[in-house]
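Q: Structure provided below as structure tokens; questions to follow.
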There are 2 protein chains.
Amino acid sequence: MKLLEDRIRRDGKVCEGNILRVDSFLNHQIDPALMQALAEEFHRLYGDRKIDKVLTVEASGIAIAIMVALSFGVPLVFAKKAKSKNIDNENVYSADVVSFTHGTVNKVIISKEFLHAGENVLLIDDFLANGQAMLGLMDVVAQAGATVAGIGIMVEKSYQKGRALLEERGVRVESLARVASMDAETGIRFVGE
Amino acid sequence: MKLLEDRIRRDGKVCEGNILRVDSFLNHQIDPALMQALAEEFHRLYGDRKIDKVLTVEASGIAIAIMVALSFGVPLVFAKKAKSKNIDNENVYSADVVSFTHGTVNKVIISKEFLHAGENVLLIDDFLANGQAMLGLMDVVAQAGATVAGIGIMVEKSYQKGRALLEERGVRVESLARVASMDAETGIRFVGE
């Protein structure tokens with residue numbers, strides 16, 4: 001999506017260690033008008049599917065996900081990150097999420113009250129890299145007997161394996177900006193350029 | 001605000017230990033149309049003030065705060081919770097936030113890039129009880145040389161000391177639902193009833 005690619009090129013920063021910083025408009029300071037425009041794009045992309053619920057993970061996915069939920073007229077549920085190993089499995093669905101960046105394993109949990117068999121769930125997140133957070137949410141959705149209707153991502157790092165892992169499981173992935181490569185000197189190249 | 005009070009009475013649950021659960025529409029599953037209506041009410045209440053930025057704390061304040069930021073046409077910044085004691089004070093503003101519920105002290109941090117001297121900042125959060133999170137944000141805003149234009153809260157526990165602590169510091173507090181008392185048997189009473 002050109003709007004987001006242009007914004008990333010203008011305001012994103014490629015830092016040491018090939019880290020893409022978009023925290024001036026996506027995930028620390030957030031531009032709400034941009035979120036609204038991106039939410040409308042997700043609504044256009046998935047408008048052909050029946051969506052009963054939008055699901056994300058706290059914290060930085062919430063801003064885009066609430067706008068997407070508004071555009072579909074359905075509730076948002078956000079999974080919580082739990083550090084504790086003692087999960088109340090009677091009342092929540094949970095899944096492990098490996099963070100390669102931090103070398104940690106966190107659990108994501110969702111109350112059983114808010115995810116039901118037969119529901120069609122749209123997963124939304126700000127970033128897709130190794131896909132572990134989305135795999136965790138897919139696991140939780142499966143535990144509930146619900147169905148993943150699709151995945152919507154703002155910024156995909158296409159040189160990492162997340163998309164392949166998700167598509168292997170037969171799920172549709174729509175990313176609004178797909179970073180093919182980046183370099184502090186030469187800048188960002190998107191898929192298709 | 002009657003819309004929110006009615007919703008709390010309908011879908012809120014008063015549990016053992018006088019805990020008010022509103023996680024079916026406010027802070028685990030979230031009703032986006034309700035958030036939009038509440039954001040418009042905050043915009044009406046603070047429409048007379050110059051607002052340059054909306055500020056909240058992750059995670060459950062983000063959904064309402066992004067809607068408020070959209071209604072004012074200004075950026076949202078969300079403070080991050082940092083467990084680490086090693087804060088990079090060269091690049092961030094930080095403040096301690098005591099949690100009486102959990103008996104812990106967390107730091108909230110905001111990058112210095114996203115808060116500037118002279119800005120008028122509207123603080124938004126889902127709950128106000130002891131006011132510690134809002135005091136932490138006020139501290140951070142003061143460090144930046146910015147000004148708190150006001151505070152907007154969805155649900156205030158008016159039997160706790162948060163509002164008094166904030167008003168003592170001369171800041172205006174607008175809460176859309178003010179819980180005067182609650183009881184698992186007799187239900188919820190709002191201020192003014």
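In the structure tokens, chains take the letters A, B, ... in the order shown, each chain's residues start at 1, and ligands count up from 1 in the order shown.
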Name the residues in contact with Asp125 in chain B at a cut-off of 8 Å, using only C-alpha atoms, excluding same-chain residues fewer than 3 positions from it; report them as a compact mmCIF listing (two decimals) with N, CA, C and O atoms, in the first residue's frame.

A:
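Heads up, here's the output in part-v2.txt:
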# COMPACT_ATOMS: atom_id res chain seq x y z
N THR B 56 -1.28 8.14 26.94
CA THR B 56 -1.83 7.09 27.80
C THR B 56 -0.71 6.13 28.19
O THR B 56 0.45 6.36 27.86
N VAL B 57 -1.07 5.09 28.94
CA VAL B 57 -0.11 4.04 29.32
C VAL B 57 -0.57 2.74 28.68
O VAL B 57 -1.77 2.46 28.62
N SER B 60 -4.23 -1.27 28.24
CA SER B 60 -5.68 -1.18 28.03
C SER B 60 -6.18 0.24 27.81
O SER B 60 -7.34 0.44 27.43
N GLY B 61 -5.32 1.26 28.00
CA GLY B 61 -5.73 2.62 27.67
C GLY B 61 -5.64 2.95 26.19
O GLY B 61 -6.20 3.95 25.73
N ILE B 62 -4.94 2.11 25.43
CA ILE B 62 -4.63 2.46 24.04
C ILE B 62 -5.87 2.54 23.16
O ILE B 62 -6.00 3.43 22.33
N ILE B 64 -9.11 3.33 23.76
CA ILE B 64 -9.87 4.59 23.88
C ILE B 64 -9.00 5.77 23.46
O ILE B 64 -9.46 6.70 22.78
N ALA B 65 -7.71 5.74 23.81
CA ALA B 65 -6.84 6.90 23.56
C ALA B 65 -6.63 7.15 22.06
O ALA B 65 -6.56 8.30 21.63
N LEU B 128 -9.49 4.97 36.81
CA LEU B 128 -8.84 5.80 37.82
C LEU B 128 -9.22 5.25 39.19
O LEU B 128 -10.41 5.18 39.52
N GLY B 152 -8.75 12.52 31.11
CA GLY B 152 -10.02 11.89 30.75
C GLY B 152 -9.98 10.41 31.11
O GLY B 152 -9.07 9.70 30.69
N ILE B 153 -10.97 9.98 31.89
CA ILE B 153 -11.01 8.61 32.42
C ILE B 153 -12.33 7.97 32.01
O ILE B 153 -13.37 8.62 32.02
N MET B 154 -12.31 6.71 31.66
CA MET B 154 -13.58 6.04 31.38
C MET B 154 -14.31 5.71 32.69
O MET B 154 -15.43 6.14 32.89

Q: Compute the chain A side of the contact with chain B at 10 Å, counting only C-alpha atoms, and hand it back as number ranges by chain.

A: A: 23-36, 53-55, 57-80, 110-111, 113-115

Q: Compile the contact shell of Asn89 in chain A as a list in words: residues with an atom at most 12 Å away, counting only C-alpha atoms, same-chain residues fewer than 5 positions apart removed.

A: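 My list of contacting residues is Ser94, Ala95, Lys107, Val108, Ile109, Ile110, Ser111, Lys112, Val140 and Gln143 of chain A.
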
Q: Residues at most 7 Å from range 170-187 of chain B, counting only C-alpha atoms, excluding those fewer than 5 positions away in the same chain, as a list in words?

A: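 My reading of the contact set: Met1, Leu4, Glu5, Val14, Cys15, Glu16, Asn18, Gly150, Ile151, Gly152, Ile153, Met154, Val155, Glu156, Lys157, Ser158 and Tyr159 of chain B.
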
Q: I'd like the contact shell of Lys2 in chain B - 12 Å cut-off, only C-alpha atoms, skipping same-chain residues fewer than 4 positions apart - returned as number ranges by chain.

A: B: 6-10, 37-38, 41, 175-178, 190-193

Q: Assign secondary structure with DSSP using the backbone only, and return the residues of range 11-76 of chain A in strand (DSSP E or B) as a list in words.

A: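 Filtering range 11-76 of chain A down to strand (DSSP E or B) leaves Lys13, Val14, Cys15, Ile19, Leu20, Arg21, Gln29, Ile30, Lys53, Val54, Leu55, Thr56, Val57 and Leu76 of chain A.
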
Q: Save the residues we just selected, C-alpha atoms, as a compact mmCIF listing (two decimals), in the first residue's frame?

A:
# COMPACT_ATOMS: atom_id res chain seq x y z
CA LYS A 13 14.71 5.04 10.30
CA VAL A 14 17.02 2.16 9.49
CA CYS A 15 19.34 1.86 12.48
CA ILE A 19 16.50 -2.38 12.89
CA LEU A 20 13.60 -0.50 11.29
CA ARG A 21 12.35 2.21 13.63
CA GLN A 29 3.83 7.75 18.93
CA ILE A 30 0.91 6.77 16.69
CA LYS A 53 -14.14 -10.74 15.80
CA VAL A 54 -10.75 -9.05 15.53
CA LEU A 55 -7.90 -10.46 17.62
CA THR A 56 -4.49 -8.94 18.40
CA VAL A 57 -1.78 -9.09 21.08
CA LEU A 76 -11.82 -6.50 19.39

Q: In Å, with one decimal, what is the gap from CA of Ala39 in chain A to CA of Ile124 in chain A?

A: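 Straight-line distance from CA of Ala39 in chain A to CA of Ile124 in chain A works out to 9.9 Å.
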
Q: For a test of reading the model, state the distance in Å between CA of Val97 in chain A and CA of Asp126 in chain B, rounded to one decimal.

A: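 A separation of 27.1 Å between them.
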
Q: In Å, rounded to a single decimal, give me how far CA of Asn120 in chain A is from CA of Glu167 in chain A.

A: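 So the two atoms, CA of Glu167 in chain A and CA of Asn120 in chain A, lie 17.5 Å apart.
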
Q: Could you write out, as a VMD selection string, all the residues of chain B that DSSP marks as helix (DSSP H, G or I)?

A: chain B and resid 2 to 11 32 to 45 62 to 72 112 to 114 132 to 143 162 to 168

Q: Which residue out of B:Val141, B:Leu135, B:Ile188, B:Val92 has the minimum interatomic distance to Asp11 in chain B when only C-alpha atoms are used?

A: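 Under the stated criterion, the closest residue is B:Ile188.
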